[in-house]
$ cat model37.cif   # mmCIF, C-alpha atoms
data_protein
#
loop_
_atom_site.label_atom_id
_atom_site.label_comp_id
_atom_site.auth_asym_id
_atom_site.auth_seq_id
_atom_site.Cartn_x
_atom_site.Cartn_y
_atom_site.Cartn_z
CA MET A 1 -13.45 2.07 8.51
CA PRO A 2 -17.07 2.86 7.66
CA VAL A 3 -18.96 4.69 10.36
CA ALA A 4 -22.67 4.13 9.98
CA GLY A 5 -25.33 5.71 12.10
CA LYS A 6 -28.33 3.51 12.86
CA SER A 7 -30.54 5.90 14.79
CA GLY A 8 -33.53 7.73 13.43
CA LYS A 9 -31.59 11.01 13.31
CA PRO A 10 -30.27 12.40 10.02
CA ALA A 11 -26.87 11.01 9.14
CA LYS A 12 -24.00 13.17 10.28
CA GLN A 13 -22.16 14.88 7.45
CA ARG A 14 -19.16 12.77 6.47
CA ASP A 15 -15.75 14.38 6.15
CA ALA A 16 -14.51 13.90 2.57
CA PHE A 17 -10.89 14.01 3.74
CA PHE A 18 -11.22 10.88 5.88
CA ASP A 19 -13.28 9.00 3.29
CA ASN A 20 -10.64 9.83 0.69
CA ALA A 21 -7.88 8.68 3.06
CA LYS A 22 -9.62 5.38 3.77
CA TYR A 23 -10.19 4.66 0.09
CA LEU A 24 -6.60 5.46 -0.91
CA ALA A 25 -5.26 3.40 2.00
CA ILE A 26 -7.33 0.36 1.03
CA VAL A 27 -6.09 0.67 -2.56
CA LEU A 28 -2.53 0.52 -1.20
CA VAL A 29 -3.46 -2.57 0.84
CA ALA A 30 -4.66 -4.33 -2.32
CA MET A 31 -1.58 -3.24 -4.26
CA GLY A 32 0.66 -4.55 -1.51
CA HIS A 33 -1.02 -7.95 -1.69
CA ALA A 34 -0.58 -7.92 -5.48
CA TRP A 35 3.14 -7.13 -5.17
CA GLU A 36 3.88 -9.81 -2.59
CA PRO A 37 4.43 -12.73 -5.04
CA LEU A 38 6.54 -10.46 -7.28
CA ARG A 39 9.13 -9.53 -4.67
CA GLY A 40 11.42 -12.45 -5.39
CA ASP A 41 11.99 -11.36 -9.00
CA SER A 42 11.79 -7.58 -8.65
CA ARG A 43 13.74 -5.44 -6.23
CA ALA A 44 11.59 -2.46 -7.23
CA ALA A 45 8.39 -4.34 -6.30
CA SER A 46 10.01 -5.35 -3.02
CA ALA A 47 10.95 -1.73 -2.26
CA LEU A 48 7.42 -0.53 -3.00
CA TYR A 49 6.03 -3.36 -0.88
CA ILE A 50 8.20 -2.45 2.13
CA THR A 51 7.41 1.25 1.82
CA VAL A 52 3.65 0.73 1.59
CA TYR A 53 3.59 -1.84 4.38
CA SER A 54 5.33 0.59 6.69
CA PHE A 55 2.34 2.94 6.74
CA HIS A 56 -0.88 1.65 5.10
CA MET A 57 -2.23 -0.31 8.08
CA PRO A 58 -0.97 2.27 10.62
CA ALA A 59 -2.91 4.91 8.65
CA PHE A 60 -6.06 2.78 8.74
CA ILE A 61 -5.66 2.08 12.44
CA ILE A 62 -5.02 5.71 13.38
CA ILE A 63 -8.20 6.75 11.54
CA SER A 64 -10.12 3.90 13.23
CA GLY A 65 -8.90 5.15 16.60
CA TYR A 66 -9.84 8.72 15.74
CA PHE A 67 -13.41 7.67 14.96
CA SER A 68 -13.58 5.56 18.14
CA ARG A 69 -13.08 8.57 20.46
CA SER A 70 -16.74 8.68 21.45
CA PHE A 71 -16.98 4.96 22.18
CA ASP A 72 -18.20 4.04 25.64
CA MET A 73 -20.14 1.15 27.11
CA ARG A 74 -23.50 2.60 26.13
CA PRO A 75 -25.82 -0.22 24.96
CA ASP A 76 -26.33 1.11 21.44
CA ARG A 77 -22.58 1.44 20.87
CA LEU A 78 -21.94 -2.04 22.20
CA ARG A 79 -24.60 -3.36 19.82
CA ARG A 80 -22.91 -1.64 16.88
CA LEU A 81 -19.57 -3.07 17.94
CA ILE A 82 -21.05 -6.57 17.98
CA THR A 83 -23.03 -6.29 14.74
CA GLY A 84 -20.44 -4.26 12.83
CA VAL A 85 -17.24 -5.98 13.98
CA ALA A 86 -17.79 -9.23 15.94
CA VAL A 87 -20.46 -10.71 13.65
CA PRO A 88 -18.51 -10.00 10.43
CA TYR A 89 -15.48 -11.55 12.10
CA VAL A 90 -17.35 -14.79 12.71
CA ILE A 91 -18.90 -14.80 9.22
CA PHE A 92 -15.64 -14.14 7.39
CA GLU A 93 -13.58 -16.46 9.56
CA VAL A 94 -15.96 -19.26 8.58
CA ALA A 95 -16.05 -18.12 4.93
CA TYR A 96 -12.26 -17.89 4.65
CA THR A 97 -11.85 -21.31 6.25
CA LEU A 98 -14.29 -22.88 3.78
CA PHE A 99 -12.53 -21.07 0.95
CA LYS A 100 -9.15 -22.43 2.01
CA ARG A 101 -10.54 -25.93 2.38
CA TYR A 102 -11.89 -26.09 -1.15
CA ALA A 103 -9.81 -23.59 -3.14
CA ASP A 104 -6.52 -24.80 -1.66
CA ASN A 105 -7.52 -28.47 -1.61
CA ASP A 106 -7.08 -28.61 2.16
CA PRO A 107 -10.37 -30.24 3.31
CA HIS A 108 -9.24 -30.70 6.91
CA TYR A 109 -8.19 -27.11 7.57
CA PRO A 110 -9.75 -26.44 11.02
CA PHE A 111 -12.41 -23.92 11.93
CA SER A 112 -11.18 -21.70 14.76
CA LEU A 113 -12.50 -18.40 16.07
CA LEU A 114 -9.40 -18.08 18.25
CA ASP A 115 -6.90 -18.17 15.38
CA PRO A 116 -7.81 -15.47 12.83
CA TRP A 117 -6.91 -16.43 9.28
CA TYR A 118 -5.50 -13.89 6.86
CA LEU A 119 -7.36 -10.55 6.92
CA THR A 120 -9.77 -11.26 9.79
CA TRP A 121 -7.09 -10.35 12.34
CA PHE A 122 -8.02 -6.69 11.86
CA LEU A 123 -11.62 -7.28 12.96
CA ILE A 124 -10.68 -9.03 16.18
CA ALA A 125 -8.04 -6.38 16.84
CA LEU A 126 -10.55 -3.57 16.27
CA PHE A 127 -13.00 -5.31 18.61
CA VAL A 128 -10.40 -5.51 21.40
CA TRP A 129 -9.06 -2.00 20.84
CA ARG A 130 -12.50 -0.41 20.85
CA LEU A 131 -13.56 -2.27 23.98
CA THR A 132 -10.51 -0.87 25.78
CA THR A 133 -11.18 2.72 24.64
CA PRO A 134 -12.57 3.88 28.02
CA LEU A 135 -9.34 2.70 29.67
CA TRP A 136 -7.13 4.69 27.28
CA LYS A 137 -9.27 7.77 27.83
CA ALA A 138 -8.78 7.42 31.58
CA VAL A 139 -4.99 7.05 31.85
CA ARG A 140 -2.67 10.05 31.87
CA TRP A 141 -0.14 8.98 29.23
CA PRO A 142 -2.02 6.62 26.91
CA VAL A 143 0.35 6.61 23.91
CA PRO A 144 3.58 5.94 25.87
CA LEU A 145 1.77 3.20 27.80
CA ALA A 146 0.49 1.57 24.60
CA LEU A 147 3.96 1.84 23.07
CA ALA A 148 5.47 0.15 26.14
CA ILE A 149 2.95 -2.69 25.76
CA ALA A 150 3.88 -3.05 22.07
CA VAL A 151 7.59 -3.18 22.98
CA LEU A 152 6.97 -5.88 25.60
CA ALA A 153 4.91 -7.90 23.12
CA SER A 154 7.72 -7.75 20.55
CA VAL A 155 10.05 -9.56 22.96
CA SER A 156 7.47 -12.05 24.28
CA PRO A 157 7.40 -15.18 22.09
CA ASP A 158 5.11 -17.00 24.56
CA ILE A 159 2.11 -14.82 23.68
CA GLY A 160 1.10 -17.35 21.04
CA ASP A 161 -1.33 -17.10 18.13
CA ASP A 162 -4.67 -16.89 19.96
CA LEU A 163 -6.66 -13.93 18.64
CA ASP A 164 -3.48 -12.78 16.87
CA LEU A 165 -2.50 -11.03 20.09
CA GLN A 166 0.93 -10.10 18.79
CA ARG A 167 -0.69 -7.95 16.12
CA VAL A 168 -3.34 -6.65 18.51
CA LEU A 169 -0.63 -5.46 20.92
CA GLN A 170 2.04 -4.35 18.46
CA PHE A 171 -0.39 -2.24 16.41
CA LEU A 172 -2.10 -0.92 19.56
CA PRO A 173 -0.11 2.37 19.77
CA PHE A 174 -1.52 3.54 16.44
CA PHE A 175 -5.11 3.04 17.61
CA VAL A 176 -4.40 4.80 20.93
CA LEU A 177 -2.72 7.65 19.06
CA GLY A 178 -5.86 8.00 16.94
CA LEU A 179 -7.91 8.26 20.12
CA ALA A 180 -5.67 11.08 21.33
CA LEU A 181 -5.71 13.10 18.11
CA LYS A 182 -7.90 16.15 17.59
CA PRO A 183 -9.11 17.79 14.35
CA GLU A 184 -6.38 20.43 14.56
CA HIS A 185 -3.70 17.73 14.41
CA PHE A 186 -4.98 16.65 11.00
CA GLN A 187 -4.96 20.28 9.89
CA LEU A 188 -1.18 20.32 10.37
CA VAL A 189 -0.58 17.69 7.68
CA ARG A 190 -3.03 19.35 5.31
CA ARG A 191 -0.88 22.47 5.01
CA ARG A 192 1.04 23.26 1.82
CA GLU A 193 4.37 23.04 3.65
CA ALA A 194 3.59 19.46 4.72
CA ARG A 195 2.81 18.44 1.12
CA ILE A 196 6.09 19.90 -0.13
CA LEU A 197 8.13 18.30 2.65
CA SER A 198 6.50 14.92 2.12
CA VAL A 199 7.96 14.55 -1.39
CA PRO A 200 11.66 14.26 -0.41
CA ILE A 201 10.70 12.17 2.63
CA PHE A 202 8.81 9.65 0.50
CA ALA A 203 11.66 9.64 -2.03
CA ALA A 204 14.16 8.93 0.76
CA ALA A 205 11.92 6.15 2.09
CA LEU A 206 11.80 4.50 -1.33
CA VAL A 207 15.58 4.73 -1.74
CA PHE A 208 16.10 3.23 1.72
CA ALA A 209 13.55 0.48 0.99
CA TYR A 210 15.35 -0.33 -2.28
CA TRP A 211 18.60 -0.70 -0.34
CA ALA A 212 16.96 -2.68 2.48
CA ALA A 213 14.87 -5.01 0.30
CA PRO A 214 17.45 -7.82 0.00
CA ARG A 215 18.75 -7.26 3.52
CA MET A 216 15.62 -6.95 5.67
CA ASN A 217 12.92 -9.42 6.67
CA ALA A 218 9.61 -7.80 5.61
CA ALA A 219 7.82 -9.86 8.29
CA TRP A 220 8.76 -7.12 10.78
CA PHE A 221 6.06 -4.95 9.21
CA TYR A 222 3.36 -7.59 9.74
CA ARG A 223 3.87 -7.32 13.53
CA ARG A 224 2.55 -10.85 13.99
CA ASP A 225 5.72 -12.33 15.56
CA SER A 226 8.13 -11.51 18.33
CA ALA A 227 11.76 -10.74 17.56
CA GLN A 228 12.79 -14.21 18.74
CA GLU A 229 10.27 -15.85 16.39
CA LEU A 230 11.86 -13.92 13.52
CA GLY A 231 15.26 -15.34 14.44
CA ALA A 232 16.56 -12.09 15.93
CA PRO A 233 17.87 -11.36 19.44
CA GLY A 234 15.29 -10.01 21.87
CA TRP A 235 16.74 -6.48 22.08
CA THR A 236 16.06 -5.92 18.38
CA GLY A 237 12.35 -6.16 19.13
CA VAL A 238 12.63 -3.04 21.28
CA VAL A 239 14.66 -1.15 18.68
CA MET A 240 12.51 -2.20 15.72
CA THR A 241 9.20 -1.47 17.48
CA LEU A 242 10.26 2.06 18.36
CA ALA A 243 11.95 2.70 15.00
CA MET A 244 9.02 1.39 12.98
CA PHE A 245 6.55 3.38 15.06
CA GLY A 246 8.46 6.59 14.33
CA CYS A 247 8.92 5.81 10.62
CA SER A 248 5.27 4.81 10.26
CA LEU A 249 4.08 8.06 11.82
CA VAL A 250 6.24 10.14 9.49
CA LEU A 251 5.02 8.26 6.41
CA VAL A 252 1.39 8.34 7.56
CA GLY A 253 1.77 12.12 7.85
CA CYS A 254 3.24 12.27 4.33
CA PHE A 255 0.42 10.12 3.00
CA LEU A 256 -2.29 12.23 4.65
CA ALA A 257 -0.63 15.41 3.35
CA TRP A 258 -1.54 14.36 -0.21
CA VAL A 259 -5.06 13.12 0.52
CA PRO A 260 -7.56 15.47 -1.20
CA ARG A 261 -9.73 17.52 1.13
CA ARG A 262 -12.55 18.09 -1.33
CA HIS A 263 -15.19 15.67 -2.57
CA MET A 264 -13.75 13.41 -5.30
CA TRP A 265 -15.22 10.72 -7.53
CA PHE A 266 -13.94 8.08 -5.09
CA THR A 267 -15.04 9.81 -1.87
CA VAL A 268 -18.24 7.74 -1.68
CA LEU A 269 -16.09 4.59 -1.70
CA GLY A 270 -14.57 5.53 1.66
CA ALA A 271 -17.70 4.22 3.37
CA GLY A 272 -17.16 0.78 1.84
CA THR A 273 -13.51 0.14 2.66
CA LEU A 274 -14.22 -2.68 5.10
CA TYR A 275 -16.20 -4.44 2.34
CA GLY A 276 -13.29 -4.07 -0.07
CA TYR A 277 -10.77 -5.14 2.53
CA LEU A 278 -12.51 -8.39 3.43
CA PHE A 279 -13.80 -9.42 0.00
CA HIS A 280 -10.58 -8.81 -1.90
CA GLY A 281 -8.93 -11.37 0.38
CA PHE A 282 -10.63 -14.16 -1.55
CA LEU A 283 -9.02 -13.01 -4.80
CA ALA A 284 -5.67 -12.27 -3.17
CA LYS A 285 -5.47 -15.78 -1.72
CA GLY A 286 -7.12 -17.38 -4.74
CA SER A 287 -4.41 -15.95 -6.99
CA ARG A 288 -1.90 -18.02 -4.98
CA PHE A 289 -4.06 -21.14 -4.68
CA TRP A 290 -4.73 -21.18 -8.42
CA ASP A 291 -1.14 -20.28 -9.44
CA TRP A 292 -2.04 -17.13 -11.33
CA TYR A 293 1.44 -15.77 -10.66
CA ASP A 294 3.04 -18.67 -12.54
CA ALA A 295 2.41 -16.73 -15.75
CA GLU A 296 5.79 -15.46 -16.97
CA TRP A 297 4.49 -12.17 -18.29
CA LEU A 298 3.51 -11.09 -14.76
CA HIS A 299 7.18 -11.13 -13.74
CA SER A 300 8.14 -8.33 -16.13
CA PRO A 301 7.80 -4.56 -15.63
CA GLY A 302 4.65 -4.55 -17.75
CA GLY A 303 3.19 -7.45 -15.79
CA GLU A 304 3.91 -5.75 -12.49
CA ILE A 305 2.15 -2.60 -13.66
CA ALA A 306 -0.79 -4.69 -14.87
CA ALA A 307 -1.05 -6.52 -11.53
CA THR A 308 -1.02 -3.16 -9.76
CA LEU A 309 -3.80 -1.73 -11.93
CA ILE A 310 -5.91 -4.88 -11.64
CA ALA A 311 -5.59 -4.82 -7.84
CA ALA A 312 -6.60 -1.15 -7.71
CA SER A 313 -9.58 -1.76 -10.01
CA VAL A 314 -10.82 -4.81 -8.10
CA ILE A 315 -10.63 -3.13 -4.69
CA THR A 316 -12.38 -0.06 -6.11
CA ALA A 317 -15.25 -2.19 -7.43
CA LEU A 318 -15.59 -3.98 -4.09
CA CYS A 319 -15.99 -0.68 -2.21
CA THR A 320 -18.90 0.55 -4.36
CA PRO A 321 -22.42 1.15 -2.97
CA PRO A 322 -23.99 -1.79 -4.90
CA VAL A 323 -21.59 -4.18 -3.16
CA GLN A 324 -22.35 -2.54 0.17
CA ARG A 325 -26.09 -2.96 -0.37
CA MET A 326 -25.70 -6.56 -1.50
CA PHE A 327 -23.66 -7.69 1.51
CA LYS A 328 -24.96 -5.38 4.22
CA PHE A 329 -26.73 -8.39 5.78
CA ALA A 330 -23.30 -9.82 6.64
CA MET A 331 -21.31 -6.64 7.29
CA GLU A 332 -23.83 -4.49 9.13
CA PRO A 333 -26.72 -6.73 10.25
CA GLU A 334 -29.45 -5.15 12.35
CA MET A 335 -30.01 -8.20 14.59
CA ARG A 336 -32.67 -6.44 16.67
CA TRP A 337 -33.95 -9.86 17.69
CA ALA A 338 -30.71 -10.51 19.60
CA PHE A 339 -30.76 -7.48 21.89
CA LYS A 340 -32.97 -6.08 24.61
CA ARG A 341 -34.41 -2.66 23.95
CA ASP A 342 -32.97 -0.05 26.28
CA ALA A 343 -35.02 2.55 28.13
CA ALA A 344 -34.09 5.36 25.71
CA GLU A 345 -35.45 3.46 22.70
CA ILE A 346 -38.66 2.56 24.50
CA ALA A 347 -39.17 6.19 25.56
CA LYS A 348 -38.51 7.39 22.01
CA ASP A 349 -41.07 4.96 20.57
CA ARG A 350 -43.66 6.08 23.14
CA SER A 351 -42.97 9.68 22.24
CA ARG A 352 -43.49 8.98 18.54
CA ALA A 353 -46.69 7.06 19.27
CA GLY A 354 -47.96 9.96 21.38
CA GLY A 355 -47.17 12.42 18.60
CA ARG A 356 -49.15 10.37 16.09
CA GLY A 357 -52.05 10.15 18.49
#
$ encode --input "model37.cif" --output "structure tokens"
Amino acid sequence: MPVAGKSGKPAKQRDAFFDNAKYLAIVLVAMGHAWEPLRGDSRAASALYITVYSFHMPAFIIISGYFSRSFDMRPDRLRRLITGVAVPYVIFEVAYTLFKRYADNDPHYPFSLLDPWYLTWFLIALFVWRLTTPLWKAVRWPVPLALAIAVLASVSPDIGDDLDLQRVLQFLPFFVLGLALKPEHFQLVRRREARILSVPIFAAALVFAYWAAPRMNAAWFYRRDSAQELGAPGWTGVVMTLAMFGCSLVLVGCFLAWVPRRHMWFTVLGAGTLYGYLFHGFLAKGSRFWDWYDAEWLHSPGGEIAATLIAASVITALCTPPVQRMFKFAMEPEMRWAFKRDAAEIAKDRSRAGGRG
């Protein structure tokens, strides 16, 4: 997700590799949403959908965890967490609810900050994960502990829908893994050998997904329900959580192996992925509300390719700097009026005033 510095210091040099990874991952998110209505008529679209869903959000979450390593309870970081995550959550939860009321002709759809609708689950999850960062940095075996929590969540149907806790807990191991990673770990997947090995692995994943498409419930990859809620015996939650975690890690590694390390034309878009993620949701849902997929031509190979290209183009446009500048008031508000100034800021201002004098 975008990492913006708000101090008076020069901005830290961004790593093109991570910006490239975030942009390519968000393109896959948009493509996955475009393929969803096509799965019933196309086994190929279903296979691509399953493959992409097995790693695109884990990749995003691992990178989010990696860039949360320095988070602590320092006032300025808490302010950024509130203004950059909590406030957009409230704004988009309200906006999505209004959109559903009027675009879907559902005027009584309730407002609720406790029941995230559609894409806003990621914001509330990121808020919770980042707040717990000091805890994960303190325990001895953070990843196994987070994985155990995810396993328990997958067999606990009583957790309910509040704050989408199933997703928060089942995706938690990826965030904690990101916290534990170091730069040298990412160097491993950037080696030539990793790129070569990733090709047959991805090919095998696609073949398996093509076989599994008519046999497997894709809702497992959403991680929003327990095994029992998916109509499966409880023990399958344990098996699927561990199996999907392992498969996701392998495919995330394969994905990162092919992410360019140098500055590309789309590198600058990596800073706007959260904008693209949240704004494309209106079009993704609108396409269902307004029956765009009823057009017969979309359910042909040419239509599927067109839907894929349109999704990639739209998400690319929504990540651009003009969109970021236009909607920064909602995504990254300053809100200085809402917070007390800490001692460090006051001292810095006094120092500047003294220098001018």
$ atom_distance --input "model37.cif" --atom1 "atom CA of Asp41 of chain A" --atom2 "atom CA of Asn217 of chain A"
15.8 Å
$ resolve_selection --input "model37.cif" --expression "the PyMOL selection byres ((chain A and resi 121) around 12)" --output "ChimeraX atom specification"
/A:57,85-86,88-90,92-93,96,113-120,122-128,161-169,171,222-224,277-278
$ write_last_selection --input "model37.cif" --atoms "C-alpha atoms" --output "compact mmCIF listing (two decimals), in the coordinates of the input"
# COMPACT_ATOMS: atom_id res chain seq x y z
CA MET A 57 -2.23 -0.31 8.08
CA VAL A 85 -17.24 -5.98 13.98
CA ALA A 86 -17.79 -9.23 15.94
CA PRO A 88 -18.51 -10.00 10.43
CA TYR A 89 -15.48 -11.55 12.10
CA VAL A 90 -17.35 -14.79 12.71
CA PHE A 92 -15.64 -14.14 7.39
CA GLU A 93 -13.58 -16.46 9.56
CA TYR A 96 -12.26 -17.89 4.65
CA LEU A 113 -12.50 -18.40 16.07
CA LEU A 114 -9.40 -18.08 18.25
CA ASP A 115 -6.90 -18.17 15.38
CA PRO A 116 -7.81 -15.47 12.83
CA TRP A 117 -6.91 -16.43 9.28
CA TYR A 118 -5.50 -13.89 6.86
CA LEU A 119 -7.36 -10.55 6.92
CA THR A 120 -9.77 -11.26 9.79
CA PHE A 122 -8.02 -6.69 11.86
CA LEU A 123 -11.62 -7.28 12.96
CA ILE A 124 -10.68 -9.03 16.18
CA ALA A 125 -8.04 -6.38 16.84
CA LEU A 126 -10.55 -3.57 16.27
CA PHE A 127 -13.00 -5.31 18.61
CA VAL A 128 -10.40 -5.51 21.40
CA ASP A 161 -1.33 -17.10 18.13
CA ASP A 162 -4.67 -16.89 19.96
CA LEU A 163 -6.66 -13.93 18.64
CA ASP A 164 -3.48 -12.78 16.87
CA LEU A 165 -2.50 -11.03 20.09
CA GLN A 166 0.93 -10.10 18.79
CA ARG A 167 -0.69 -7.95 16.12
CA VAL A 168 -3.34 -6.65 18.51
CA LEU A 169 -0.63 -5.46 20.92
CA PHE A 171 -0.39 -2.24 16.41
CA TYR A 222 3.36 -7.59 9.74
CA ARG A 223 3.87 -7.32 13.53
CA ARG A 224 2.55 -10.85 13.99
CA TYR A 277 -10.77 -5.14 2.53
CA LEU A 278 -12.51 -8.39 3.43
$ resolve_selection --input "model37.cif" --expression "the PyMOL selection byres ((chain A and resi 190) around 12)" --output "compact mmCIF listing (two decimals) with C-alpha atoms, in the frame of the given file"
# COMPACT_ATOMS: atom_id res chain seq x y z
CA PHE A 17 -10.89 14.01 3.74
CA PHE A 18 -11.22 10.88 5.88
CA ALA A 21 -7.88 8.68 3.06
CA PRO A 183 -9.11 17.79 14.35
CA GLU A 184 -6.38 20.43 14.56
CA HIS A 185 -3.70 17.73 14.41
CA PHE A 186 -4.98 16.65 11.00
CA GLN A 187 -4.96 20.28 9.89
CA LEU A 188 -1.18 20.32 10.37
CA VAL A 189 -0.58 17.69 7.68
CA ARG A 191 -0.88 22.47 5.01
CA ARG A 192 1.04 23.26 1.82
CA GLU A 193 4.37 23.04 3.65
CA ALA A 194 3.59 19.46 4.72
CA ARG A 195 2.81 18.44 1.12
CA ILE A 196 6.09 19.90 -0.13
CA LEU A 197 8.13 18.30 2.65
CA SER A 198 6.50 14.92 2.12
CA GLY A 253 1.77 12.12 7.85
CA CYS A 254 3.24 12.27 4.33
CA PHE A 255 0.42 10.12 3.00
CA LEU A 256 -2.29 12.23 4.65
CA ALA A 257 -0.63 15.41 3.35
CA TRP A 258 -1.54 14.36 -0.21
CA VAL A 259 -5.06 13.12 0.52
CA PRO A 260 -7.56 15.47 -1.20
CA ARG A 261 -9.73 17.52 1.13
CA ARG A 262 -12.55 18.09 -1.33
$ resolve_selection --input "model37.cif" --expression "the PyMOL selection byres ((chain A and resi 293) around 12)" --output "MDAnalysis selection string"
chainID A and resid 34:41 284:292 294:300 303:304 307
$ atom_distance --input "model37.cif" --atom1 "atom CA of Ala271 of chain A" --atom2 "atom CA of Asp15 of chain A"
10.7 Å
$ decode --input "model37.cif" --residues "segment 285-292 of chain A" --atoms "all heavy atoms" --output "JSON list (two decimals), in the first residue's frame"
[["chain", "number", "residue", "atom", "x", "y", "z"],
["A", 285, "LYS", "N", -18.74, -3.42, -8.77],
["A", 285, "LYS", "CA", -20.10, -3.69, -8.30],
["A", 285, "LYS", "C", -21.15, -3.13, -9.27],
["A", 285, "LYS", "O", -22.18, -3.75, -9.51],
["A", 285, "LYS", "CB", -20.31, -3.10, -6.91],
["A", 285, "LYS", "CG", -19.79, -3.97, -5.78],
["A", 285, "LYS", "CD", -20.54, -5.29, -5.73],
["A", 285, "LYS", "CE", -20.07, -6.17, -4.58],
["A", 285, "LYS", "NZ", -20.74, -7.49, -4.59],
["A", 286, "GLY", "N", -20.88, -1.95, -9.82],
["A", 286, "GLY", "CA", -21.82, -1.36, -10.76],
["A", 286, "GLY", "C", -22.05, -2.24, -11.98],
["A", 286, "GLY", "O", -23.17, -2.31, -12.51],
["A", 287, "SER", "N", -21.00, -2.94, -12.42],
["A", 287, "SER", "CA", -21.16, -3.82, -13.58],
["A", 287, "SER", "C", -22.17, -4.92, -13.31],
["A", 287, "SER", "O", -22.84, -5.41, -14.23],
["A", 287, "SER", "CB", -19.81, -4.43, -13.96],
["A", 287, "SER", "OG", -19.36, -5.34, -12.95],
["A", 288, "ARG", "N", -22.30, -5.33, -12.02],
["A", 288, "ARG", "CA", -23.30, -6.34, -11.65],
["A", 288, "ARG", "C", -24.67, -5.68, -11.47],
["A", 288, "ARG", "O", -25.68, -6.19, -11.95],
["A", 288, "ARG", "CB", -22.92, -7.03, -10.35],
["A", 288, "ARG", "CG", -21.90, -8.16, -10.45],
["A", 288, "ARG", "CD", -20.56, -7.76, -10.98],
["A", 288, "ARG", "NE", -19.49, -8.59, -10.45],
["A", 288, "ARG", "CZ", -18.22, -8.37, -10.71],
["A", 288, "ARG", "NH1", -17.86, -7.35, -11.47],
["A", 288, "ARG", "NH2", -17.30, -9.17, -10.21],
["A", 289, "PHE", "N", -24.69, -4.53, -10.79],
["A", 289, "PHE", "CA", -25.97, -3.86, -10.55],
["A", 289, "PHE", "C", -26.65, -3.49, -11.86],
["A", 289, "PHE", "O", -27.88, -3.55, -11.96],
["A", 289, "PHE", "CB", -25.76, -2.59, -9.72],
["A", 289, "PHE", "CG", -25.23, -2.84, -8.33],
["A", 289, "PHE", "CD1", -24.60, -1.81, -7.62],
["A", 289, "PHE", "CD2", -25.38, -4.06, -7.70],
["A", 289, "PHE", "CE1", -24.13, -2.01, -6.34],
["A", 289, "PHE", "CE2", -24.91, -4.28, -6.41],
["A", 289, "PHE", "CZ", -24.28, -3.25, -5.73],
["A", 290, "TRP", "N", -25.86, -3.06, -12.84],
["A", 290, "TRP", "CA", -26.42, -2.56, -14.10],
["A", 290, "TRP", "C", -26.41, -3.62, -15.20],
["A", 290, "TRP", "O", -26.61, -3.29, -16.38],
["A", 290, "TRP", "CB", -25.65, -1.31, -14.53],
["A", 290, "TRP", "CG", -25.70, -0.24, -13.48],
["A", 290, "TRP", "CD1", -26.78, 0.11, -12.74],
["A", 290, "TRP", "CD2", -24.62, 0.62, -13.06],
["A", 290, "TRP", "NE1", -26.45, 1.14, -11.86],
["A", 290, "TRP", "CE2", -25.13, 1.47, -12.04],
["A", 290, "TRP", "CE3", -23.29, 0.76, -13.44],
["A", 290, "TRP", "CZ2", -24.35, 2.43, -11.40],
["A", 290, "TRP", "CZ3", -22.50, 1.71, -12.80],
["A", 290, "TRP", "CH2", -23.04, 2.53, -11.80],
["A", 291, "ASP", "N", -26.12, -4.88, -14.83],
["A", 291, "ASP", "CA", -26.24, -6.02, -15.76],
["A", 291, "ASP", "C", -25.35, -5.90, -17.00],
["A", 291, "ASP", "O", -25.73, -6.32, -18.09],
["A", 291, "ASP", "CB", -27.71, -6.20, -16.20],
["A", 291, "ASP", "CG", -28.64, -6.42, -15.02],
["A", 291, "ASP", "OD1", -28.25, -7.13, -14.08],
["A", 291, "ASP", "OD2", -29.76, -5.88, -15.03],
["A", 292, "TRP", "N", -24.18, -5.34, -16.83],
["A", 292, "TRP", "CA", -23.27, -5.25, -17.97],
["A", 292, "TRP", "C", -22.89, -6.62, -18.51],
["A", 292, "TRP", "O", -22.64, -6.78, -19.70],
["A", 292, "TRP", "CB", -22.00, -4.48, -17.58],
["A", 292, "TRP", "CG", -22.25, -3.02, -17.32],
["A", 292, "TRP", "CD1", -23.41, -2.33, -17.52],
["A", 292, "TRP", "CD2", -21.30, -2.08, -16.80],
["A", 292, "TRP", "NE1", -23.25, -1.01, -17.16],
["A", 292, "TRP", "CE2", -21.97, -0.83, -16.71],
["A", 292, "TRP", "CE3", -19.98, -2.16, -16.41],
["A", 292, "TRP", "CZ2", -21.32, 0.32, -16.25],
["A", 292, "TRP", "CZ3", -19.33, -1.02, -15.94],
["A", 292, "TRP", "CH2", -20.01, 0.21, -15.87]]
